[in-house]
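What follows is the content of query.cif (mmCIF, C-alpha atoms).
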```
data_start
#
loop_
_atom_site.label_atom_id
_atom_site.label_comp_id
_atom_site.auth_asym_id
_atom_site.auth_seq_id
_atom_site.Cartn_x
_atom_site.Cartn_y
_atom_site.Cartn_z
CA MET A 118 -69.00 64.72 -26.62
CA LEU A 119 -68.54 61.24 -25.21
CA LEU A 120 -65.12 59.73 -25.58
CA PRO A 121 -63.98 56.16 -25.04
CA LEU A 122 -64.08 55.38 -21.36
CA GLY A 123 -60.89 54.20 -19.75
CA ALA A 124 -58.78 55.25 -22.72
CA PRO A 125 -55.94 57.43 -21.45
CA ALA A 126 -54.09 59.64 -23.93
CA LEU A 127 -51.12 57.87 -25.48
CA PRO A 128 -47.72 59.60 -25.35
CA LEU A 129 -46.99 61.60 -28.51
CA ASP A 130 -44.30 59.26 -29.83
CA GLU A 131 -46.67 56.29 -29.65
CA ALA A 132 -49.82 58.13 -30.80
CA GLY A 133 -47.87 59.66 -33.71
CA LYS A 134 -47.30 56.21 -35.22
CA TYR A 135 -51.03 55.45 -35.25
CA VAL A 136 -52.01 58.88 -36.59
CA ALA A 137 -49.35 58.67 -39.30
CA GLY A 138 -50.51 55.13 -40.10
CA ALA A 139 -54.13 56.23 -40.57
CA TYR A 140 -53.22 59.14 -42.84
CA VAL A 141 -50.72 57.04 -44.81
CA VAL A 142 -53.42 54.38 -45.40
CA PHE A 143 -55.68 57.08 -46.83
CA VAL A 144 -52.95 58.41 -49.13
CA VAL A 145 -51.96 54.89 -50.25
CA LEU A 146 -55.59 54.05 -51.12
CA LEU A 147 -55.85 57.27 -53.09
CA VAL A 148 -52.58 56.58 -54.94
CA VAL A 149 -53.65 52.99 -55.74
CA TYR A 150 -56.96 54.28 -57.11
CA VAL A 151 -55.20 56.91 -59.24
CA ALA A 152 -52.75 54.25 -60.51
CA ILE A 153 -55.65 51.96 -61.51
CA MET A 154 -57.37 54.86 -63.26
CA ALA A 155 -54.11 55.76 -65.03
CA ALA A 156 -53.86 52.17 -66.31
CA LYS A 157 -57.47 52.37 -67.53
CA LEU A 158 -56.79 55.66 -69.31
CA GLN A 159 -53.69 54.15 -70.96
CA ARG A 160 -55.85 51.27 -72.23
CA ILE A 161 -58.44 53.72 -73.59
CA GLU A 162 -55.69 55.70 -75.31
CA ARG A 163 -54.27 52.50 -76.88
CA GLU A 164 -57.72 51.44 -78.07
CA LEU A 165 -58.34 54.91 -79.48
CA ARG A 166 -55.05 54.70 -81.39
CA GLU A 167 -56.08 51.31 -82.80
CA VAL A 168 -59.51 52.62 -83.82
CA ALA A 169 -57.92 55.67 -85.45
CA ALA A 170 -55.57 53.35 -87.40
CA ILE A 171 -58.53 51.22 -88.57
CA ALA A 172 -60.45 54.36 -89.58
CA GLU A 173 -57.49 55.67 -91.57
CA GLU A 174 -57.06 52.26 -93.21
CA ARG A 175 -60.76 52.25 -94.19
CA LYS A 176 -60.48 55.79 -95.52
CA GLY A 177 -57.52 54.73 -97.69
CA GLU A 178 -59.52 51.74 -99.03
CA THR A 179 -62.50 53.92 -100.03
CA GLU A 180 -60.22 56.43 -101.77
CA GLU A 181 -58.60 53.63 -103.83
CA VAL A 182 -61.99 52.52 -105.25
CA PRO A 183 -62.51 54.40 -108.59
CA ALA A 184 -65.66 56.49 -108.74
CA MET B 261 -69.10 65.81 -71.54
CA TYR B 262 -68.38 64.29 -68.11
CA GLY B 263 -64.88 65.75 -68.08
CA LYS B 264 -66.19 69.32 -68.15
CA GLY B 265 -65.10 71.17 -65.03
CA LEU B 266 -62.95 68.27 -63.82
CA LYS B 267 -59.75 70.34 -63.71
CA PRO B 268 -61.05 73.19 -61.47
CA LEU B 269 -62.83 70.62 -59.32
CA SER B 270 -59.60 68.65 -58.85
CA ILE B 271 -57.67 71.83 -57.97
CA ALA B 272 -60.38 72.84 -55.45
CA THR B 273 -60.24 69.35 -53.91
CA VAL B 274 -56.45 69.38 -53.53
CA ALA B 275 -56.59 72.91 -52.04
CA MET B 276 -59.35 71.92 -49.63
CA ILE B 277 -57.46 68.80 -48.51
CA ALA B 278 -54.31 70.91 -47.94
CA VAL B 279 -56.26 73.48 -45.90
CA SER B 280 -57.95 70.72 -43.89
CA LEU B 281 -54.66 68.96 -43.09
CA SER B 282 -53.16 72.30 -42.02
CA LEU B 283 -56.11 72.91 -39.71
CA VAL B 284 -55.92 69.38 -38.30
CA PHE B 285 -52.24 69.55 -37.37
CA PHE B 286 -51.65 73.29 -36.72
CA TYR B 287 -54.98 74.78 -35.62
CA ALA B 288 -57.23 72.22 -33.92
CA PRO B 289 -56.36 71.86 -30.21
CA LEU B 290 -55.29 68.55 -28.74
CA ASP B 291 -58.15 66.61 -27.21
CA GLY B 292 -57.98 66.66 -23.42
CA ASP B 293 -58.85 62.99 -23.10
CA GLN B 294 -57.38 61.25 -26.14
CA GLY B 295 -54.54 63.62 -26.94
CA PHE B 296 -52.83 63.40 -30.35
CA ILE B 297 -54.58 60.16 -31.34
CA GLN B 298 -57.85 62.10 -31.72
CA LYS B 299 -56.43 63.58 -34.98
CA ILE B 300 -57.61 60.37 -36.69
CA PHE B 301 -61.15 61.55 -36.01
CA TYR B 302 -60.77 64.32 -38.65
CA LEU B 303 -60.05 61.68 -41.30
CA HIS B 304 -62.14 58.73 -40.15
CA VAL B 305 -65.49 60.44 -39.45
CA PRO B 306 -65.70 62.61 -42.62
CA LEU B 307 -64.76 59.53 -44.68
CA ALA B 308 -67.53 57.51 -42.99
CA MET B 309 -70.14 60.26 -43.40
CA THR B 310 -69.24 60.79 -47.07
CA ALA B 311 -69.35 57.05 -47.75
CA LEU B 312 -72.78 56.65 -46.12
CA VAL B 313 -74.21 59.70 -47.92
CA GLY B 314 -72.65 58.37 -51.15
CA PHE B 315 -74.53 55.08 -50.72
CA ILE B 316 -77.79 57.03 -50.31
CA VAL B 317 -76.95 59.17 -53.37
CA GLY B 318 -76.41 55.92 -55.31
CA GLY B 319 -79.93 54.90 -54.30
CA VAL B 320 -81.36 58.26 -55.42
CA PHE B 321 -79.68 57.85 -58.85
CA ALA B 322 -81.13 54.34 -59.01
CA ILE B 323 -84.64 55.77 -58.42
CA ALA B 324 -84.01 58.19 -61.31
CA HIS B 325 -82.96 55.23 -63.47
CA LEU B 326 -86.09 53.21 -62.72
CA ARG B 327 -88.32 56.26 -63.27
CA THR B 328 -86.79 57.36 -66.57
CA ASN B 329 -85.21 54.11 -67.83
CA ASN B 330 -82.22 56.24 -68.83
CA ARG B 331 -78.97 54.21 -68.58
CA LYS B 332 -77.07 57.35 -67.61
CA TRP B 333 -78.60 57.20 -64.10
CA ASP B 334 -77.59 53.56 -63.73
CA ALA B 335 -73.99 54.55 -64.50
CA TYR B 336 -74.21 57.38 -61.94
CA SER B 337 -75.60 54.97 -59.34
CA TYR B 338 -72.88 52.38 -60.04
CA VAL B 339 -70.07 54.94 -59.82
CA ALA B 340 -71.49 56.56 -56.64
CA ILE B 341 -71.60 53.15 -54.94
CA HIS B 342 -68.17 52.19 -56.29
CA ILE B 343 -66.45 55.29 -54.88
CA SER B 344 -68.36 54.94 -51.59
CA VAL B 345 -67.13 51.34 -51.24
CA ILE B 346 -63.54 52.59 -51.68
CA PHE B 347 -64.20 55.21 -49.00
CA GLY B 348 -65.67 52.40 -46.88
CA VAL B 349 -62.40 50.46 -47.09
CA ALA B 350 -60.56 53.57 -45.83
CA VAL B 351 -63.13 53.98 -43.01
CA LEU B 352 -62.66 50.40 -41.83
CA ILE B 353 -58.86 50.58 -41.88
CA THR B 354 -58.57 54.01 -40.22
CA GLY B 355 -61.23 52.96 -37.69
CA ALA B 356 -59.28 49.82 -36.84
CA ILE B 357 -56.10 51.88 -36.33
CA TRP B 358 -57.98 54.33 -34.06
CA ALA B 359 -59.55 51.44 -32.12
CA LYS B 360 -56.16 49.81 -31.60
CA ALA B 361 -54.69 53.06 -30.30
CA SER B 362 -57.69 53.91 -28.08
CA TRP B 363 -58.99 50.57 -26.89
CA GLY B 364 -56.03 48.27 -27.50
CA HIS B 365 -57.98 46.13 -29.99
CA TRP B 366 -58.18 46.35 -33.78
CA TRP B 367 -61.87 45.48 -33.72
CA VAL B 368 -64.57 45.41 -31.04
CA TRP B 369 -67.50 43.16 -31.91
CA ASP B 370 -69.89 44.43 -29.22
CA GLU B 371 -69.71 48.03 -30.48
CA PRO B 372 -72.84 48.67 -32.63
CA THR B 373 -71.37 51.57 -34.66
CA LEU B 374 -68.46 49.47 -35.93
CA VAL B 375 -70.49 46.35 -36.61
CA SER B 376 -73.30 48.25 -38.33
CA PHE B 377 -70.84 49.99 -40.65
CA LEU B 378 -69.27 46.62 -41.44
CA ILE B 379 -72.73 45.22 -42.26
CA VAL B 380 -73.43 48.16 -44.60
CA PHE B 381 -70.00 47.76 -46.22
CA LEU B 382 -70.39 44.00 -46.73
CA MET B 383 -73.88 44.53 -48.13
CA TYR B 384 -72.48 46.91 -50.75
CA ALA B 385 -69.54 44.55 -51.38
CA THR B 386 -72.13 42.07 -52.71
CA TYR B 387 -73.31 44.69 -55.22
CA TYR B 388 -70.54 43.81 -57.69
CA PRO B 389 -71.04 40.01 -57.91
CA PHE B 390 -74.81 40.57 -57.88
CA ARG B 391 -74.57 43.02 -60.76
CA TYR B 392 -72.17 41.05 -62.93
CA ALA B 393 -73.94 37.75 -62.37
CA ILE B 394 -76.68 39.04 -64.71
CA GLU B 395 -75.70 38.98 -68.36
CA ASP B 396 -78.60 40.85 -69.90
CA ARG B 397 -77.62 44.56 -69.70
CA ASP B 398 -81.15 45.89 -69.19
CA ARG B 399 -82.01 43.37 -66.50
CA GLN B 400 -78.62 43.96 -64.88
CA ALA B 401 -79.24 47.71 -64.68
CA ARG B 402 -82.81 47.25 -63.41
CA TYR B 403 -81.92 44.72 -60.69
CA ALA B 404 -78.86 46.74 -59.65
CA SER B 405 -81.11 49.80 -59.26
CA VAL B 406 -83.52 47.85 -57.06
CA PHE B 407 -80.56 46.69 -54.96
CA ALA B 408 -79.19 50.26 -54.71
CA ILE B 409 -82.58 51.65 -53.60
CA THR B 410 -83.16 48.92 -50.98
CA ALA B 411 -79.63 49.15 -49.62
CA GLY B 412 -79.72 52.96 -49.75
CA ALA B 413 -82.89 52.96 -47.63
CA PHE B 414 -81.18 50.62 -45.16
CA VAL B 415 -78.31 53.08 -44.54
CA PRO B 416 -80.27 55.81 -42.64
CA LEU B 417 -82.32 53.16 -40.82
CA ASN B 418 -79.10 51.52 -39.72
CA PHE B 419 -77.67 54.88 -38.63
CA MET B 420 -80.78 55.69 -36.56
CA ALA B 421 -80.75 52.25 -34.94
CA VAL B 422 -77.15 52.79 -33.87
CA ARG B 423 -77.93 56.24 -32.46
CA MET B 424 -80.77 54.73 -30.45
CA ALA B 425 -78.47 52.01 -29.09
CA GLN B 426 -76.72 54.78 -27.06
CA SER B 427 -73.43 53.01 -26.58
CA LEU B 428 -71.04 54.52 -24.06
CA VAL B 429 -68.01 53.18 -25.85
CA HIS B 430 -67.98 54.85 -29.28
CA PRO B 431 -67.58 58.66 -29.32
CA ARG B 432 -70.75 60.69 -29.94
CA VAL B 433 -69.23 63.80 -31.40
CA PHE B 434 -72.43 65.71 -32.09
CA ALA B 435 -74.15 64.85 -28.81
CA THR B 436 -75.41 68.02 -27.12
CA SER B 437 -74.74 66.64 -23.66
CA ASN B 438 -71.24 67.31 -22.27
CA GLY B 439 -70.79 70.27 -24.62
CA GLY B 440 -70.24 68.68 -28.05
CA LEU B 441 -67.22 69.72 -30.16
CA PRO B 442 -65.41 72.97 -29.24
CA GLY B 443 -65.40 75.72 -31.91
CA GLU B 444 -61.90 75.12 -33.35
CA MET B 445 -62.48 71.38 -33.54
CA MET B 446 -65.87 71.85 -35.18
CA LEU B 447 -64.43 74.25 -37.81
CA THR B 448 -61.62 71.80 -38.57
CA PHE B 449 -64.06 68.92 -38.75
CA LEU B 450 -66.39 70.81 -41.14
CA CYS B 451 -63.42 71.67 -43.41
CA CYS B 452 -62.38 68.00 -43.43
CA LEU B 453 -65.95 66.98 -44.22
CA ALA B 454 -66.07 69.46 -47.12
CA ALA B 455 -62.70 68.16 -48.37
CA MET B 456 -63.91 64.54 -48.32
CA ALA B 457 -67.19 65.47 -50.01
CA LEU B 458 -65.24 67.32 -52.73
CA LEU B 459 -62.91 64.35 -53.12
CA TRP B 460 -65.90 62.04 -53.51
CA VAL B 461 -67.46 64.29 -56.18
CA THR B 462 -64.12 64.59 -58.03
CA LEU B 463 -63.54 60.83 -58.04
CA VAL B 464 -67.12 60.17 -59.21
CA LYS B 465 -66.65 62.66 -62.05
CA PHE B 466 -63.23 61.19 -62.88
CA GLU B 467 -64.66 57.66 -63.00
CA LEU B 468 -67.65 58.77 -65.11
CA THR B 469 -65.31 60.55 -67.55
CA ALA B 470 -63.18 57.41 -67.93
CA LYS B 471 -66.29 55.26 -68.41
CA SER B 472 -67.71 57.67 -70.96
CA ALA B 473 -64.42 57.71 -72.92
CA SER B 474 -64.26 53.91 -72.83
CA GLY B 475 -67.88 53.70 -74.02
CA GLN B 476 -67.23 56.10 -76.89
CA VAL B 477 -64.21 54.03 -78.02
CA LYS B 478 -66.35 50.87 -77.94
CA ARG B 479 -69.03 52.60 -80.00
CA LEU B 480 -66.40 53.67 -82.52
CA ARG B 481 -65.01 50.15 -82.66
CA ARG B 482 -68.48 48.68 -83.22
CA ALA B 483 -69.14 51.24 -85.94
CA LEU B 484 -65.85 50.38 -87.66
CA ASP B 485 -66.26 46.63 -87.44
CA ALA B 486 -69.75 46.80 -88.96
CA PRO B 487 -69.73 46.51 -92.76
CA ALA B 488 -69.98 50.03 -94.07
CA PRO B 489 -72.91 50.35 -96.53
CA GLY B 490 -71.70 51.25 -100.06
CA GLY B 491 -68.10 51.26 -98.80
CA SER B 492 -68.63 54.57 -97.02
CA SER B 493 -67.42 55.10 -93.47
CA ARG B 494 -69.93 55.88 -90.73
CA ILE B 495 -67.24 57.69 -88.80
CA ALA B 496 -67.61 61.44 -88.63
CA PRO B 497 -64.72 63.52 -90.02
CA GLU B 498 -61.93 63.95 -87.51
CA VAL B 499 -61.72 67.38 -85.96
CA SER B 500 -58.20 68.14 -84.75
#
```
For this file, produce the structure as structure tokens.
Amino acid sequence: MLLPLGAPALPLDEAGKYVAGAYVVFVVLLVVYVAIMAAKLQRIERELREVAAIAEERKGETEEVPA
Amino acid sequence: MYGKGLKPLSIATVAMIAVSLSLVFFYAPLDGDQGFIQKIFYLHVPLAMTALVGFIVGGVFAIAHLRTNNRKWDAYSYVAIHISVIFGVAVLITGAIWAKASWGHWWVWDEPTLVSFLIVFLMYATYYPFRYAIEDRDRQARYASVFAITAGAFVPLNFMAVRMAQSLVHPRVFATSNGGLPGEMMLTFLCCLAAMALLWVTLVKFELTAKSASGQVKRLRRALDAPAPGGSSRIAPEVS
């Protein structure tokens, strides 16, 4: 295993900030992605509700027409 | 159809990520040279490997699309690349943080591993404008597949070129010289890699499920807006 040359280990209090930063970035990206997907799913649900309303409206129209 | 098995897959992913994080912070020993900062390695490298493999998988799906002309494979290819690009963003940011802590710079331009990953990332960043610049859906899918195959073939070539460059600056974690990774570190790394691979699969499945649902709603809408012949509805009876 080759490690960066001339890179001494940082003290824990300083290294901790960077490590926490890296993991927080990962979590934030994941949360942002999930939030975007949640917004998409909300839009799909709204559209589905609209389509269901149109379908019910159409069904009512066809039932009103005398056979 | 795409949502089948999404729940157990999500639970397995969350469990695997929890196990991996536990191993990273409570089991894996501190690196003798880098100390605590080396913990970024368990996030950064699995993310990078998953992203690169994801790009290749996108290319394989694109081959399936061109061979069969089935639009399903184009959707798979698009989603695989999309999730890999998101992973790529995480790789670049976590890599920059690690570089700043280790080398004192956010970015090092003469390091081939970093620059080559950036080239791959930027290449895939052009996939979106390239794809959506074409209006015709069939042509769009076909050209996007050609792009995905060409770019997917470039990824392993790029990786091999970097390995051959033999830089002394970027860590070579699987090099056999100087011992490679110790057992505990290797186990932790493999768990992290499995967790990232599972996360990638879960997100791809999640995205495909959302796309499928959106497509079904559009189909329903088209069916409803079309004049129903004889006043009858083309919508199947609702099953609740």
*Expand the PyMOL selection byres ((chain A and resi 143-145) around 10) into the individual residues it matches in the shown file, reporting them as a PyMOL selection string.*
(chain A and resi 137-142+146-151) or (chain B and resi 303-304+307+347+349-351+353-354)
*Matched chain/residue IDs from the PyMOL selection byres ((chain B and resi 284) around 9), as a PyMOL selection string*: chain B and resi 279-283+285-289+299+302+445+448-449+452
Go ahead and dump the residues you just picked, C-alpha atoms, as a PDB file, in the frame of the given file.
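This went into again.pdb:
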```
ATOM      1  CA  VAL B 279     -56.260  73.480 -45.900  1.00  0.00           C
ATOM      2  CA  SER B 280     -57.950  70.720 -43.890  1.00  0.00           C
ATOM      3  CA  LEU B 281     -54.660  68.960 -43.090  1.00  0.00           C
ATOM      4  CA  SER B 282     -53.160  72.300 -42.020  1.00  0.00           C
ATOM      5  CA  LEU B 283     -56.110  72.910 -39.710  1.00  0.00           C
ATOM      6  CA  PHE B 285     -52.240  69.550 -37.370  1.00  0.00           C
ATOM      7  CA  PHE B 286     -51.650  73.290 -36.720  1.00  0.00           C
ATOM      8  CA  TYR B 287     -54.980  74.780 -35.620  1.00  0.00           C
ATOM      9  CA  ALA B 288     -57.230  72.220 -33.920  1.00  0.00           C
ATOM     10  CA  PRO B 289     -56.360  71.860 -30.210  1.00  0.00           C
ATOM     11  CA  LYS B 299     -56.430  63.580 -34.980  1.00  0.00           C
ATOM     12  CA  TYR B 302     -60.770  64.320 -38.650  1.00  0.00           C
ATOM     13  CA  MET B 445     -62.480  71.380 -33.540  1.00  0.00           C
ATOM     14  CA  THR B 448     -61.620  71.800 -38.570  1.00  0.00           C
ATOM     15  CA  PHE B 449     -64.060  68.920 -38.750  1.00  0.00           C
ATOM     16  CA  CYS B 452     -62.380  68.000 -43.430  1.00  0.00           C
TER      17      CYS B 452
END
```
*Name the residues that the PyMOL selection byres ((chain B and resi 262) around 12) pulls out of this structure, and write them as a PyMOL selection string.*
chain B and resi 261+263-267+332+335-336+461-473
*Excluding Ile161 (chain A) and residues on its chain fewer than 2 positions from it, collect all residues at most 10 Å away from it, counting only C-alpha atoms, and give them as a PyMOL selection string.*
(chain A and resi 155-159+163-167) or (chain B and resi 470-471+473-478)
*asked:* If we count only C-alpha atoms and set the cut-off at 7 Å, which residues sit around region 408-414 of chain B, ignoring sequence neighbours fewer than 6 positions away in its own chain? Please answer as a ChimeraX atom specification.
replied: /B:315-316,318-320,322-323
*Straight-line distance linking CA of Phe381 (chain B) with CA of Val345 (chain B), stated in Å to one decimal*: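 These atoms are spaced 6.8 Å apart.
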_Considering all atoms listed in the file, can you say which of B:Leu312, B:Trp363, B:Ala275, B:Ala455 comes closest to Gly348 (chain B)?_
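Closest candidate: B:Leu312.
Distance annotation: of A:Ala169, A:Val136, A:Glu180, A:Arg160, the residue with the minimal separation from chain B is A:Val136; atom set is all atoms listed in the file.
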*For each of B:Ser362, B:Asn418, B:Asn330, B:Thr386, take the minimum atom-to-atom distance to chain A, counting all atoms listed in the file, then give the residue where this is smallest.*
B:Ser362
*Pick from A:Glu181, A:Val168, A:Asp130, A:Glu174 nearest to chain B, counting all atoms listed in the file*: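 Closest to chain B of all the choices is A:Val168.
Reported to one decimal place, the separation of CA of Val422 (chain B) from CA of Ala340 (chain B) is 23.8 Å.
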*Can you list, as a ChimeraX atom specification, every protein, DNA or RNA residue that comes within 12 Å of Ser376 (chain B) when you count only C-alpha atoms, leaving out same-chain residues fewer than 5 positions away?*
/B:308,312,352,368-371,381-383,414-423,425
*Length of the CA of Ala404 (chain B) to CA of Ile343 (chain B) vector [Å]*: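 Interatomic distance here is 15.8 Å.
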*Any idea what's packed within 8 Å of region 458-460 of chain B, counting only C-alpha atoms, ignoring anything in its chain fewer than 6 positions away? Could you give it as a PyMOL selection string?*
chain B and resi 269-270+272-273+310+343-344
*Which residue out of B:Trp366, B:Phe321, B:Tyr388, B:Trp333 has the minimum interatomic distance to chain A when all atoms listed in the file are used?*
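Closest candidate: B:Trp366.
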*Given the choices B:Asp334, B:Met309, B:Val339, B:Ala361, which gets closest to Phe377 (chain B) if the distance is worked out from all atoms listed in the file?*
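When distances to Phe377 (chain B) are compared using all atoms listed in the file, the smallest one comes from B:Met309.
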